[in-house]
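J.: Have a look at the structure that comes next, please.
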Amino acid sequence: MAKSSRICASWIVRRRKSKTLRTDMLDIQLLRTNIDAVAGRLATRGFTLDSATFQTLENERKTLQTQTQDLQARRNSLSKQVGMLKGKGEDASAVMAEVAALKDELEANEKRLGELLKELEAFVATIPNLPQENVPVGKSEADNVEIKRWGTPRTFDFPAKDHVDLGEGLGQLDFATAAKIAGARFSLMKGPLARLHRALAQFMLDVHTTEHGYTEVYVPYLVNSDSMYGTGQLPKFEADLFKILREDADPLYLIPTAEVPVTNIVRDEIVAQGALPLKFVSHTPCFRSEAGSYGKDTRGMIRQHQFDKVELVQIVAAEQSTEAHEALTRHAETILEKLELPYRRVALCTGDMGFSSAKTYDLEVWLPAQNTYREISSCSNFESFQARRMQARCRNEKNKPELVHTLNGSGLAVGRTLVAILENNQNADSSITIPAALRPYMGGVEKIGA
RNA sequence: GGAAGCGUGGCAGAGUGGUUGAAUGCACCGGUCUUGAAAACCGGCGUUGGUUUACGCCAACCGUGAGUUCGAAUCUCACCGCUUCCGCCA
């Protein structure tokens, strides 16, 4: 049989080796056995599952696959006979003719089956993750549910400035020069402000490694397309990525978040029993082309092409992920509390969650100049959604491979944390008070620009 | 930039056209032995899918893709990745 027409029934496994077809996806067994329940839960996030189309494709697949495998089985057994006959020096031409007669039908079946599997996969690829039962049902941001508030927004007895006026006033934040060097949506920091930025990242890393049990990892900032597929940035969000084309090799992509390299640590791996949970923290720059966001947050450091982030990633056994999600979110909140920044935790509703997420909490920090809470961290539980595509597994009690659950959250976005400190800790003379927790990282400095 | 080599199961590593899904070792699981453990010995042990009430049976998978053949881990071609040596270099 020609390899060109060979069809592998285990298409989900093959998919991980095929660059063009990988996508986030649900367990197809769930669709086969429970499609009505799945459709019902997906409806809560505004996704209409076309059950009829799926059933049609599935039925055809089933009969065609059975037929094809029968033909393959006959071909295999006849070919073995040829081998035995020839081994004994007997005439095999009759059997060979019989195999030849199968050929056309077999190849036609294999071709059609291959097409069908691609159609099915394309269909499944458009289906988002199932929300957890306790995710609030809603259509948009407006339906998100505030879970808690911490801290009290300060009242100012002078007109509060925003971080741009404060930073530029100090002569330590310079968007004009950044624009000259690179273009819009980049920033340049100098002196104490640059140090404060660095101090924040160091502080966050230290808290997570020494108090929360994370292992610090240093990772590549350029990654291959397999990794981008692994965590779901590709194929859907290529427009948001910076892509590096190379002449003699496949392209590389600048990471939009450390989630990509860090979560991909376990791609195509089977983690040993007892090795879970894996808890990683990584400080990296993040690069986003933010296509489609023109006009949003054009002022200041809120939305940049390049920003730093300290990212928390956990790889856990399936039954641990709900608990791990709460813990990870608390780890991110701890940073805000140590920095004495008022924030709230919001549970994203079904309609506002990302494609891959089963449940997401956003942490929003108070920004006085905007008189509102702004996102500074997003903590998600992807359950097995990413792991299925990445083939990230662990060995269970029976020593059998089983998909892991993956989670991540910002702990925190460094640039936005800097913004929050500038705005919340400004004084009447436009100086900035350094939070006590950061002073050890600032050589004891208590105030910038006094 | 130049040259060479290599991609096989959880890992290491055999296998160059025919009952090979793949020797062997390690790891792992069960058992014997032991006060217990280790060692030794015995047995088991890939993944995914299809089918079956079930035992089971069947298909596919040896980097990816294409080709030769009745039949491919094995032969041919392309691509990708990795390693080593030389050059350059933070």
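In the structure tokens, each chain is lettered A, B, ... as it comes, each chain's residues begin at 1, and ligands are numbered from 1 in order of appearance.
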Quick one: which chain B residues come within 6 Å of chain A, and what is the nearest atom pair for each with the distance in Å to one decimal, counting only C-alpha atoms (C1' of nucleotides), rows ordered by chain and ascending number, as a tab-separated table?
T.:
residue	atom	partner	partner_atom	distance
B:G18	C1'	A:Gly83	CA	5.0
B:U48	C1'	A:Ser10	CA	4.6
B:G49	C1'	A:Ser10	CA	4.7
B:A59	C1'	A:Gln69	CA	5.3
B:A60	C1'	A:Cys8	CA	4.5
B:C70	C1'	A:Met96	CA	5.1
B:G71	C1'	A:Ser79	CA	5.5
J.: Mind writing the picked residues with N, CA, C and O atoms (P, O5', C5', C4', C3', O3' and C1' of nucleotides) as a CSV table (one decimal), in the first residue's frame?
T.:
chain,number,residue,atom,x,y,z
B,18,G,P,12.5,-9.1,5.3
B,18,G,O5',11.1,-9.4,6.1
B,18,G,C5',10.1,-8.5,6.2
B,18,G,C4',8.8,-9.2,6.0
B,18,G,C3',8.8,-10.7,6.6
B,18,G,O3',7.9,-10.7,7.6
B,18,G,C1',7.9,-10.6,4.3
B,48,U,P,-3.8,6.3,24.8
B,48,U,O5',-4.4,6.4,23.4
B,48,U,C5',-4.4,7.7,22.7
B,48,U,C4',-4.8,7.5,21.3
B,48,U,C3',-6.2,6.9,21.0
B,48,U,O3',-7.2,7.9,21.2
B,48,U,C1',-4.6,6.0,19.5
B,49,G,P,-8.6,7.3,21.6
B,49,G,O5',-9.1,6.6,20.3
B,49,G,C5',-9.5,7.4,19.1
B,49,G,C4',-9.7,6.5,17.9
B,49,G,C3',-10.8,5.5,18.0
B,49,G,O3',-12.1,6.1,17.7
B,49,G,C1',-8.9,4.5,17.1
B,59,A,P,-5.5,-6.0,11.0
B,59,A,O5',-5.7,-4.4,10.9
B,59,A,C5',-6.5,-3.8,9.9
B,59,A,C4',-6.6,-2.4,10.1
B,59,A,C3',-5.2,-1.6,10.3
B,59,A,O3',-4.7,-1.3,9.0
B,59,A,C1',-6.7,-0.9,11.9
B,60,A,P,-3.0,-1.3,8.9
B,60,A,O5',-2.7,0.1,9.6
B,60,A,C5',-3.1,1.3,9.0
B,60,A,C4',-2.9,2.4,10.0
B,60,A,C3',-1.5,2.6,10.5
B,60,A,O3',-0.6,3.2,9.6
B,60,A,C1',-3.0,2.8,12.3
B,70,C,P,3.5,-4.6,-7.2
B,70,C,O5',2.7,-5.1,-5.9
B,70,C,C5',1.2,-5.2,-5.9
B,70,C,C4',0.8,-5.9,-4.7
B,70,C,C3',1.4,-5.4,-3.4
B,70,C,O3',0.7,-4.3,-2.9
B,70,C,C1',1.5,-7.7,-3.5
B,71,G,P,1.6,-3.0,-2.3
B,71,G,O5',2.2,-3.7,-1.0
B,71,G,C5',1.4,-4.0,0.1
B,71,G,C4',2.2,-4.7,1.1
B,71,G,C3',3.4,-4.0,1.7
B,71,G,O3',3.0,-3.0,2.6
B,71,G,C1',4.0,-6.2,1.2
J.: From region 23-202 of chain A, collect each residue whose DSSP state is strand (DSSP E or B) and return the set as a PyMOL selection string.
T.: chain A and resi 145-150+173+189
J.: I need the chosen residues saved as a CSV table (one decimal), in the first residue's frame, with all heavy atoms.
T.:
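Dumped everything to out.csv:
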chain,number,residue,atom,x,y,z
A,145,VAL,N,-19.1,38.8,37.2
A,145,VAL,CA,-19.5,38.9,38.6
A,145,VAL,C,-18.3,39.3,39.5
A,145,VAL,O,-17.3,38.6,39.5
A,145,VAL,CB,-20.2,37.6,39.1
A,145,VAL,CG1,-20.5,37.7,40.5
A,145,VAL,CG2,-21.4,37.3,38.2
A,146,GLU,N,-18.5,40.4,40.2
A,146,GLU,CA,-17.4,40.7,41.2
A,146,GLU,C,-17.5,39.8,42.4
A,146,GLU,O,-18.5,39.6,43.0
A,146,GLU,CB,-17.7,42.2,41.7
A,146,GLU,CG,-16.6,42.6,42.6
A,146,GLU,CD,-16.8,44.1,43.0
A,146,GLU,OE1,-16.8,44.9,42.1
A,146,GLU,OE2,-17.0,44.3,44.2
A,147,ILE,N,-16.3,39.2,42.7
A,147,ILE,CA,-16.3,38.2,43.8
A,147,ILE,C,-15.9,38.8,45.1
A,147,ILE,O,-16.4,38.5,46.1
A,147,ILE,CB,-15.2,37.1,43.4
A,147,ILE,CG1,-15.6,36.4,42.1
A,147,ILE,CG2,-15.1,36.1,44.5
A,147,ILE,CD1,-16.8,35.5,42.1
A,148,LYS,N,-14.9,39.8,45.0
A,148,LYS,CA,-14.5,40.4,46.2
A,148,LYS,C,-13.8,41.7,45.9
A,148,LYS,O,-13.4,41.9,44.7
A,148,LYS,CB,-13.5,39.5,46.9
A,148,LYS,CG,-12.2,39.2,46.1
A,148,LYS,CD,-11.3,38.2,46.7
A,148,LYS,CE,-10.3,38.8,47.7
A,148,LYS,NZ,-9.2,37.9,48.0
A,149,ARG,N,-13.7,42.5,46.9
A,149,ARG,CA,-12.8,43.8,46.8
A,149,ARG,C,-11.9,43.8,47.9
A,149,ARG,O,-12.2,43.3,49.0
A,149,ARG,CB,-13.7,45.0,46.9
A,149,ARG,CG,-14.4,45.4,45.6
A,149,ARG,CD,-15.1,46.7,45.8
A,149,ARG,NE,-16.0,46.8,44.6
A,149,ARG,CZ,-16.3,47.9,44.0
A,149,ARG,NH1,-15.8,49.1,44.4
A,149,ARG,NH2,-17.1,47.9,43.0
A,150,TRP,N,-10.7,44.3,47.7
A,150,TRP,CA,-9.7,44.4,48.7
A,150,TRP,C,-9.1,45.8,48.7
A,150,TRP,O,-8.8,46.3,47.6
A,150,TRP,CB,-8.6,43.4,48.5
A,150,TRP,CG,-7.5,43.3,49.6
A,150,TRP,CD1,-7.5,42.5,50.7
A,150,TRP,CD2,-6.4,44.2,49.7
A,150,TRP,NE1,-6.5,42.8,51.5
A,150,TRP,CE2,-5.7,43.8,50.9
A,150,TRP,CE3,-5.9,45.2,49.0
A,150,TRP,CZ2,-4.6,44.5,51.4
A,150,TRP,CZ3,-4.7,45.8,49.4
A,150,TRP,CH2,-4.1,45.5,50.6
A,173,LEU,N,9.9,59.0,32.2
A,173,LEU,CA,9.1,58.2,31.3
A,173,LEU,C,9.0,59.0,30.0
A,173,LEU,O,8.7,60.2,30.0
A,173,LEU,CB,7.7,58.0,31.9
A,173,LEU,CG,6.7,57.1,31.2
A,173,LEU,CD1,7.3,55.7,31.0
A,173,LEU,CD2,5.4,57.0,32.0
A,189,MET,N,11.9,54.0,29.9
A,189,MET,CA,11.9,54.5,31.3
A,189,MET,C,13.4,54.8,31.6
A,189,MET,O,14.3,54.1,31.1
A,189,MET,CB,11.4,53.4,32.2
A,189,MET,CG,9.9,53.3,32.2
A,189,MET,SD,9.3,51.9,33.1
A,189,MET,CE,9.4,50.5,32.0
J.: Would you mind listing what lies within 12 Å of region 30-35 of chain B as a PyMOL selection string, with only C-alpha atoms (C1' of nucleotides) counted and same-chain residues fewer than 4 positions away left out?
T.: (chain A and resi 398) or (chain B and resi 39-45)
J.: Please identify which residues in region 158-405 of chain A DSSP calls helix (DSSP H, G or I) from the backbone, and express them as JSON, numbers by chain.
T.: {"A": [163, 164, 165, 166, 167, 168, 169, 170, 175, 176, 177, 178, 179, 180, 181, 191, 192, 193, 194, 195, 196, 197, 198, 199, 200, 201, 202, 203, 204, 205, 206, 207, 208, 209, 210, 225, 226, 227, 228, 229, 230, 231, 238, 239, 240, 259, 260, 261, 262, 263, 264, 265, 266, 318, 319, 320, 321, 322, 323, 324, 325, 326, 327, 328, 329, 330, 331, 332, 333, 334, 335, 336, 337, 338, 368, 369, 370, 385, 386, 387, 388, 389, 390]}
J.: Quick check, in Å to one decimal: how far apart do CA of Leu116 (chain A) and CA of Leu64 (chain A) lie?
T.: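 Separation between CA of Leu116 (chain A) and CA of Leu64 (chain A): 9.2 Å.
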J.: So, counting only C-alpha atoms, which residue among A:Asn129, A:Thr53, A:Ser282, A:Asn371 is closest to Ala358 (chain A)?
T.: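 Smallest separation from Ala358 (chain A) among the options: A:Asn129.
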J.: If we count only C-alpha atoms (C1' of nucleotides) and set the cut-off at 8 Å, which residues sit around His305 (chain A), ignoring sequence neighbours fewer than 4 positions away in its own chain? Please answer as a PyMOL selection string.
T.: chain A and resi 185-186+286-290
